[in-house]
Every structure is written in structure tokens, then in C-alpha cells.
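Structure record follows, encoded as C-alpha cells.
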Amino acid sequence: MIIKGNIALSENGFVFNPATGDSYTINNTGKEVLILIREGKNIDQIIDSMLGKYDVDKTTLERYLADFINDLSVNNLLEE
Amino acid sequence: MDQRKVTVAVTGLNNIDSPGPGIPVIRGIRESKVFNVRIIGLAYEHLEPGIYMRDLVDKTYMIPYPSEGKDALFKRLLEIHAKEKLDVIIPNFDAELFSFIKLEKKLDGVGIKTYLPSIEQFEERNKSNLSAYGEKYGVHVPAGTEVYSTSDLNNILRSMNYPVMIKGKYYDAYAANSFEQAVNYFIRLSAKWGFPVIVQEFIRGTEVNVVALGDGKGNLIAAVPMRKQYITEKGKAWGGITIEDPSLLELAGKIIFQTKWRGGIELELIRSTDHRLYLIEINPRIPAWVYLAVGAGQNIPEALLMLTLGMEVNPFTRYDVGKMFVRYSYDMIVDLELFSRLTTTGEL
């Protein structure tokens, strides 16, 4: 799972895809996930990293993460 | 560096909700460090806003409508030239380009330069020739045909799925969802722009445009792609952003190279939902959003002026991605005296 190289992510959670001109705003949790993906972490590593920080059980986190990654893919932000 | 003094006449001062390119072209030229320009506006209507933008346009003259023919236009241009010593004319309307192209040699003969495509290039990219154009140059284009009557329209629509695009000869386009709507738009567009009216397959996707400049030898001098962010009811971009899409630049380069296009050009494209790029229209002049290209680092109006004057222009190699334009409207207060002077003397 790799974020497209030219995707810009700003400090305040603004995501810009220069290839299409699309932009999005994501919350702090989304930004954290995006940074972890960009660092090359896989889904298990992202779950491990977030479980200790948030008051959430593993099943719920997996579901949220799958939804979010699907959103990234649908919006053309991940390498195919 | 000493700036070269030039007098440039520009049309398209209709900076209205569906704006002409004149004012953005002038802004680009005014920002040039190469030129010290005197701008002469050429207007068809007394209320074209650019006439009253005195910080941008030094003087304006009324000129005859294209329907009056090229001889009437040439006569009027000679009168203006006698007073202003024009160096260059930059026409910005599709509907007037035919006359200006035909007058190119005569204008050159009296010392006025233009930088326009040939009649063949101009006709070839016509909306009604788009299918043949796509085939010749290997570009995806929507299926389309020209119609001259409602019975033509009826026959064509039997083999097409709704919505379909109904387009005027020069300007305006509507998506029709039924035969009744299509007929309505056909009547409206033929009354306004004449025949043919073009019926085109509707392509779903994202609208992207490219402004480019060709040197007539096949070289792409400038090109900036833009994604429309906000589109008015008339289909005009009210906000847009420069994007990084090598396939758009590649297509612009291919078209300029293959056609040896001379002058400014706008490619209107749709990136379909299955990621195919469709060319839906080619406008044979600089578009009204050209100032975005200037803001992104490619002063295309200045480069066009340099080419027109026979100066060497190095092709642009970069532009800023993620640069936006947001259009706005602005009410100017104009004294009646200015308006009356323009309407009675034909100049201001």
C-alpha cells in the first residue's frame, strides 16, 4: 500500500492531488494514518501503532481503517 | 533592460460573466518586462467592460461586426492604424478569426503583424470536423455530427443515448436529456450562431483544459493544464487550478507538432470515469483563463507578442502546480459622458 508520490499533505490535514486538482480535508486521525502509510507501514503495523494510543478495540479499528483505505483508493490517492 | 515600445490592438474586451480573453491577455502583456505597451481596444459593443478599464486599455475604437465582412473590417482598421500606428493585432474571438486570417497579408502589408493559424488549420479543428480530426491525429473524440434541421436532429438522436450535447457553431453548449430539450436547444443555437449545430456524445468525467502556444513550426512554446473547479451555468470556469498531468502536455505537444499550429490554442478535454482522455473542443485562440498560466509562470500573452514581432522565444519548461484562479465581478462607475462619446464618435 503506497500513497502516490506527488500527493501533498499539509500540516492542517489538507490533501491535494496535483494530477487531478482534487483536494480533501482529513482530521488528525486520518492525517496520522496517511503519514504512517507514507512511512511505509503495512496495515498490521498501523493497527499496532494506533491501538495503544486510542480508546478503541482492534475489530473496530480494523473496520475504520479498511473504510479509510478504501476511501483513499476510490479517490485515486493510492498507487494501484 | 530597455523595454521595447509597441502598440498592440486587442479584441475580446467583453469581461462579462462569459468573458472574452482580451483583458487577461492585456494583463499578461502589461506585466511584461520586455515591452512597454500602448493598448488599443477594439470593441463590438459599447458596454464591453474593458473599454472603461482605463488602467489597462489606453484607447478603444469600435469595429464592425464580423457579419459585415472582412473589407469593412480592413477599412476600419486602416482608419485606426492611421491614428495609432498599430504594430500588432491580437484577435480573441472565434467568430472574427476567419476575417483576420484572411486579412493577414493585407495587414502585414501596412505594417500590422498578427500571429494566427492558417485557414486550413482553423477549419480543420472546427467543432463539426472533430471526428475527422480525432481520426487523423489519433486522439479520442466523442462521437458527433452536424445537423441542419430538426428532421436531421431526429434521425441522429435515434441512434444516440441521452444526455447528448447540443453545441453552437462558435459558442454555447447544452446537455439535452430528451428530444424536446434537444429541439429547443437546436432552435436557440441555430438562431444565435447559425448552422450547423453540432450534436455530440456526452462524456461523463472531469473537465480539464490546456492553454498552449505553437510557433507554426511544430514546436510547443508553452502549455499549462487546468482543472475547472467551479463551472457557471454557461459552462465557464469561475475557479480553476493548475494540475500536473504529463498526458495532457503530451497531447498538447502532439497536436501542436502534427498540425504545426501557429498562435494560441485551447484544448477542452474530459478525463472520463474510465480514465480515457477525450478531446471535446479546440478553440483557435487564447482562452479567458490565460491569466492563470501567467500566474503559474508562463506569460503566454507576452510570448505570443514576442513571436508576432519575430523575436526568439525559448519554450517554457515548467509551471507552478496547484496555482488557482478565482474569477470575480466588479461594478465600475462610468460617467455618461464617456459612454456618449463612444457611441457618437466610435472611439474613447
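Going by the C-alpha cells order, chains are called A, B, ..., each with residues numbered from 1, while ligands are numbered from 1 in the order shown.
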
Please find the residues of chain A near chain B - the criterion being any atom within 10 Å, counting only C-alpha atoms - and write them as an mmCIF file with N, CA, C and O atoms, in the first residue's frame.
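What landed in iface-v9.cif:
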data_model
loop_
_atom_site.group_PDB
_atom_site.id
_atom_site.type_symbol
_atom_site.label_atom_id
_atom_site.label_comp_id
_atom_site.auth_asym_id
_atom_site.auth_seq_id
_atom_site.Cartn_x
_atom_site.Cartn_y
_atom_site.Cartn_z
ATOM 1 N N ASN A 6 3.220 12.068 -5.610
ATOM 2 C CA ASN A 6 3.042 13.512 -5.775
ATOM 3 C C ASN A 6 1.917 14.085 -4.907
ATOM 4 O O ASN A 6 1.616 15.267 -4.964
ATOM 5 N N ALA A 8 0.196 15.820 -1.991
ATOM 6 C CA ALA A 8 0.685 16.772 -0.975
ATOM 7 C C ALA A 8 -0.212 16.699 0.251
ATOM 8 O O ALA A 8 -1.435 16.688 0.143
ATOM 9 N N PHE A 16 -3.853 17.312 -1.320
ATOM 10 C CA PHE A 16 -4.013 17.799 -2.688
ATOM 11 C C PHE A 16 -3.422 16.793 -3.664
ATOM 12 O O PHE A 16 -2.280 16.371 -3.509
ATOM 13 N N ASN A 17 -4.226 16.414 -4.646
ATOM 14 C CA ASN A 17 -3.741 15.530 -5.700
ATOM 15 C C ASN A 17 -3.436 16.385 -6.933
ATOM 16 O O ASN A 17 -4.361 16.794 -7.640
ATOM 17 N N PRO A 18 -2.164 16.677 -7.191
ATOM 18 C CA PRO A 18 -1.824 17.582 -8.301
ATOM 19 C C PRO A 18 -2.152 17.022 -9.666
ATOM 20 O O PRO A 18 -2.266 17.769 -10.637
ATOM 21 N N ALA A 19 -2.330 15.709 -9.762
ATOM 22 C CA ALA A 19 -2.628 15.124 -11.076
ATOM 23 C C ALA A 19 -4.063 15.403 -11.496
ATOM 24 O O ALA A 19 -4.358 15.515 -12.677
ATOM 25 N N THR A 20 -4.957 15.510 -10.514
ATOM 26 C CA THR A 20 -6.369 15.706 -10.862
ATOM 27 C C THR A 20 -6.889 17.066 -10.430
ATOM 28 O O THR A 20 -7.958 17.491 -10.873
ATOM 29 N N GLY A 21 -6.183 17.725 -9.501
ATOM 30 C CA GLY A 21 -6.673 19.004 -8.963
ATOM 31 C C GLY A 21 -7.637 18.805 -7.804
ATOM 32 O O GLY A 21 -8.149 19.767 -7.252
ATOM 33 N N ASP A 22 -7.900 17.545 -7.439
ATOM 34 C CA ASP A 22 -8.818 17.294 -6.315
ATOM 35 C C ASP A 22 -8.135 17.624 -4.992
ATOM 36 O O ASP A 22 -6.933 17.392 -4.823
ATOM 37 N N SER A 23 -8.916 18.138 -4.053
ATOM 38 C CA SER A 23 -8.385 18.377 -2.705
ATOM 39 C C SER A 23 -9.378 17.868 -1.674
ATOM 40 O O SER A 23 -10.575 17.772 -1.935
#

Query raised in the report: Could you pull out the strand (DSSP E or B) residues of range 34-265 of chain B from DSSP and send them as a PyMOL selection string?
Result: chain B and resi 35-43+59-62+88-90+113+144-147+164-167+173-176+197-201+205-215+220-231+237-242+262-265

Query raised in the report: When you draw a straight line from CA of Tyr24 in chain A to CA of Ile3 in chain A, how long is it in Å?
Result: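 Going from CA of Tyr24 in chain A over to CA of Ile3 in chain A, I get 14.5 Å.
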
All residues 10 Å or closer to Ser131 in chain B, only C-alpha atoms, same chain fewer than 4 positions away omitted, as a PDB file with N, CA, C and O atoms, in the first residue's frame:
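Result file follows (selection.pdb):
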ATOM      1  N   ARG B 125      -9.944  22.221 -37.270  1.00  0.00           N
ATOM      2  CA  ARG B 125     -10.251  21.950 -35.864  1.00  0.00           C
ATOM      3  C   ARG B 125     -11.676  22.376 -35.513  1.00  0.00           C
ATOM      4  O   ARG B 125     -12.074  22.328 -34.348  1.00  0.00           O
ATOM      5  N   ASN B 126     -12.437  22.756 -36.534  1.00  0.00           N
ATOM      6  CA  ASN B 126     -13.817  23.174 -36.318  1.00  0.00           C
ATOM      7  C   ASN B 126     -14.599  22.076 -35.597  1.00  0.00           C
ATOM      8  O   ASN B 126     -14.385  20.909 -35.840  1.00  0.00           O
ATOM      9  N   LYS B 127     -15.530  22.511 -34.734  1.00  0.00           N
ATOM     10  CA  LYS B 127     -16.329  21.551 -33.974  1.00  0.00           C
ATOM     11  C   LYS B 127     -16.936  20.488 -34.866  1.00  0.00           C
ATOM     12  O   LYS B 127     -16.994  19.323 -34.521  1.00  0.00           O
ATOM     13  N   GLU B 135      -9.612  11.168 -35.796  1.00  0.00           N
ATOM     14  CA  GLU B 135      -9.121  10.027 -36.562  1.00  0.00           C
ATOM     15  C   GLU B 135      -7.747  10.327 -37.160  1.00  0.00           C
ATOM     16  O   GLU B 135      -6.820   9.538 -37.077  1.00  0.00           O
ATOM     17  N   LYS B 136      -7.617  11.534 -37.732  1.00  0.00           N
ATOM     18  CA  LYS B 136      -6.369  11.908 -38.407  1.00  0.00           C
ATOM     19  C   LYS B 136      -5.197  11.971 -37.435  1.00  0.00           C
ATOM     20  O   LYS B 136      -4.090  11.556 -37.760  1.00  0.00           O
ATOM     21  N   VAL B 139      -6.528  10.886 -31.728  1.00  0.00           N
ATOM     22  CA  VAL B 139      -6.982  11.414 -30.440  1.00  0.00           C
ATOM     23  C   VAL B 139      -8.425  10.946 -30.240  1.00  0.00           C
ATOM     24  O   VAL B 139      -9.218  10.951 -31.181  1.00  0.00           O
ATOM     25  N   HIS B 140      -8.762  10.531 -28.989  1.00  0.00           N
ATOM     26  CA  HIS B 140     -10.155  10.164 -28.711  1.00  0.00           C
ATOM     27  C   HIS B 140     -11.033  11.402 -28.771  1.00  0.00           C
ATOM     28  O   HIS B 140     -10.724  12.414 -28.131  1.00  0.00           O
ATOM     29  N   VAL B 141     -12.123  11.324 -29.515  1.00  0.00           N
ATOM     30  CA  VAL B 141     -13.103  12.418 -29.528  1.00  0.00           C
ATOM     31  C   VAL B 141     -14.490  11.800 -29.359  1.00  0.00           C
ATOM     32  O   VAL B 141     -14.703  10.653 -29.742  1.00  0.00           O
ATOM     33  N   PRO B 142     -15.435  12.536 -28.779  1.00  0.00           N
ATOM     34  CA  PRO B 142     -16.779  11.995 -28.657  1.00  0.00           C
ATOM     35  C   PRO B 142     -17.404  11.865 -30.044  1.00  0.00           C
ATOM     36  O   PRO B 142     -17.105  12.681 -30.927  1.00  0.00           O
ATOM     37  N   ALA B 143     -18.253  10.850 -30.208  1.00  0.00           N
ATOM     38  CA  ALA B 143     -18.962  10.720 -31.487  1.00  0.00           C
ATOM     39  C   ALA B 143     -19.833  11.953 -31.681  1.00  0.00           C
ATOM     40  O   ALA B 143     -20.439  12.445 -30.732  1.00  0.00           O
ATOM     41  N   GLY B 144     -19.853  12.477 -32.882  1.00  0.00           N
ATOM     42  CA  GLY B 144     -20.639  13.689 -33.100  1.00  0.00           C
ATOM     43  C   GLY B 144     -20.923  13.914 -34.566  1.00  0.00           C
ATOM     44  O   GLY B 144     -20.297  13.302 -35.432  1.00  0.00           O
ATOM     45  N   THR B 145     -21.882  14.760 -34.814  1.00  0.00           N
ATOM     46  CA  THR B 145     -22.220  15.067 -36.201  1.00  0.00           C
ATOM     47  C   THR B 145     -22.858  16.447 -36.262  1.00  0.00           C
ATOM     48  O   THR B 145     -23.280  16.989 -35.242  1.00  0.00           O
ATOM     49  N   GLN B 200     -23.329  16.008 -30.090  1.00  0.00           N
ATOM     50  CA  GLN B 200     -22.147  15.255 -29.666  1.00  0.00           C
ATOM     51  C   GLN B 200     -22.499  14.291 -28.529  1.00  0.00           C
ATOM     52  O   GLN B 200     -23.355  14.612 -27.680  1.00  0.00           O
ATOM     53  N   LEU B 279     -10.936  14.562 -26.352  1.00  0.00           N
ATOM     54  CA  LEU B 279     -10.867  15.942 -26.814  1.00  0.00           C
ATOM     55  C   LEU B 279     -12.271  16.359 -27.238  1.00  0.00           C
ATOM     56  O   LEU B 279     -12.838  15.757 -28.151  1.00  0.00           O
ATOM     57  N   ILE B 280     -12.849  17.351 -26.549  1.00  0.00           N
ATOM     58  CA  ILE B 280     -14.226  17.709 -26.911  1.00  0.00           C
ATOM     59  C   ILE B 280     -14.295  18.978 -27.753  1.00  0.00           C
ATOM     60  O   ILE B 280     -15.265  19.218 -28.440  1.00  0.00           O
TER      61      ILE B 280
END

Report task. Identify, on the basis of only C-alpha atoms, every residue whose closest approach to range 59-67 of chain B does not exceed 6 Å; exclude the query and any residue fewer than 3 positions from it along the same chain; express the result as a list in words. Result ->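 Near range 59-67 of chain B, the qualifying residues are Ile40, Gly41, Leu42, Ala43, Tyr44, Ile51, Leu73, Glu96, Gly346, Glu347 and Leu348 of chain B.
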
Please, could you write that set of residues out with N, CA, C and O atoms as a PDB file, in the first residue's frame?
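Okay, result_28.pdb is ready:
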ATOM      1  N   ILE B  40      -4.532  49.315 -27.506  1.00  0.00           N
ATOM      2  CA  ILE B  40      -5.703  49.831 -28.217  1.00  0.00           C
ATOM      3  C   ILE B  40      -6.786  48.750 -28.178  1.00  0.00           C
ATOM      4  O   ILE B  40      -6.579  47.644 -28.685  1.00  0.00           O
ATOM      5  N   GLY B  41      -7.901  49.063 -27.546  1.00  0.00           N
ATOM      6  CA  GLY B  41      -9.013  48.116 -27.506  1.00  0.00           C
ATOM      7  C   GLY B  41      -9.813  48.207 -28.791  1.00  0.00           C
ATOM      8  O   GLY B  41     -10.021  49.298 -29.335  1.00  0.00           O
ATOM      9  N   LEU B  42     -10.251  47.061 -29.292  1.00  0.00           N
ATOM     10  CA  LEU B  42     -11.150  47.015 -30.456  1.00  0.00           C
ATOM     11  C   LEU B  42     -12.436  46.360 -29.972  1.00  0.00           C
ATOM     12  O   LEU B  42     -12.413  45.208 -29.533  1.00  0.00           O
ATOM     13  N   ALA B  43     -13.541  47.116 -30.020  1.00  0.00           N
ATOM     14  CA  ALA B  43     -14.779  46.623 -29.409  1.00  0.00           C
ATOM     15  C   ALA B  43     -15.917  46.551 -30.409  1.00  0.00           C
ATOM     16  O   ALA B  43     -15.970  47.322 -31.370  1.00  0.00           O
ATOM     17  N   TYR B  44     -16.833  45.603 -30.162  1.00  0.00           N
ATOM     18  CA  TYR B  44     -18.034  45.472 -30.993  1.00  0.00           C
ATOM     19  C   TYR B  44     -19.252  46.096 -30.311  1.00  0.00           C
ATOM     20  O   TYR B  44     -20.172  46.529 -30.969  1.00  0.00           O
ATOM     21  N   ILE B  51     -13.494  48.461 -22.240  1.00  0.00           N
ATOM     22  CA  ILE B  51     -13.415  49.819 -22.789  1.00  0.00           C
ATOM     23  C   ILE B  51     -13.204  50.834 -21.665  1.00  0.00           C
ATOM     24  O   ILE B  51     -12.467  51.816 -21.817  1.00  0.00           O
ATOM     25  N   LEU B  73     -14.077  45.536 -42.167  1.00  0.00           N
ATOM     26  CA  LEU B  73     -13.147  45.455 -41.027  1.00  0.00           C
ATOM     27  C   LEU B  73     -11.801  46.084 -41.406  1.00  0.00           C
ATOM     28  O   LEU B  73     -11.242  46.898 -40.664  1.00  0.00           O
ATOM     29  N   GLU B  96     -14.439  36.138 -35.237  1.00  0.00           N
ATOM     30  CA  GLU B  96     -13.757  37.163 -36.038  1.00  0.00           C
ATOM     31  C   GLU B  96     -12.473  36.624 -36.677  1.00  0.00           C
ATOM     32  O   GLU B  96     -11.887  37.278 -37.545  1.00  0.00           O
ATOM     33  N   GLY B 346     -17.391  56.677 -31.888  1.00  0.00           N
ATOM     34  CA  GLY B 346     -16.830  55.356 -32.166  1.00  0.00           C
ATOM     35  C   GLY B 346     -15.454  55.155 -31.555  1.00  0.00           C
ATOM     36  O   GLY B 346     -14.769  54.191 -31.871  1.00  0.00           O
ATOM     37  N   GLU B 347     -15.049  56.075 -30.719  1.00  0.00           N
ATOM     38  CA  GLU B 347     -13.757  55.883 -30.041  1.00  0.00           C
ATOM     39  C   GLU B 347     -13.766  56.504 -28.653  1.00  0.00           C
ATOM     40  O   GLU B 347     -14.561  57.384 -28.348  1.00  0.00           O
ATOM     41  N   LEU B 348     -12.899  55.989 -27.804  1.00  0.00           N
ATOM     42  CA  LEU B 348     -12.818  56.523 -26.440  1.00  0.00           C
ATOM     43  C   LEU B 348     -11.411  56.341 -25.893  1.00  0.00           C
ATOM     44  O   LEU B 348     -10.912  55.217 -25.838  1.00  0.00           O
TER      45      LEU B 348
END

Query raised in the report: Can you list every residue in chain A that DSSP puts in helix (DSSP H, G or I), as a ChimeraX atom specification?
Result: /A:28-38,43-51,58-74

Query - Spatial neighbours of Pro196 in chain B, 6 Å, only C-alpha atoms, chain gap at least 4 places, as a ChimeraX atom specification - result: /B:146-148
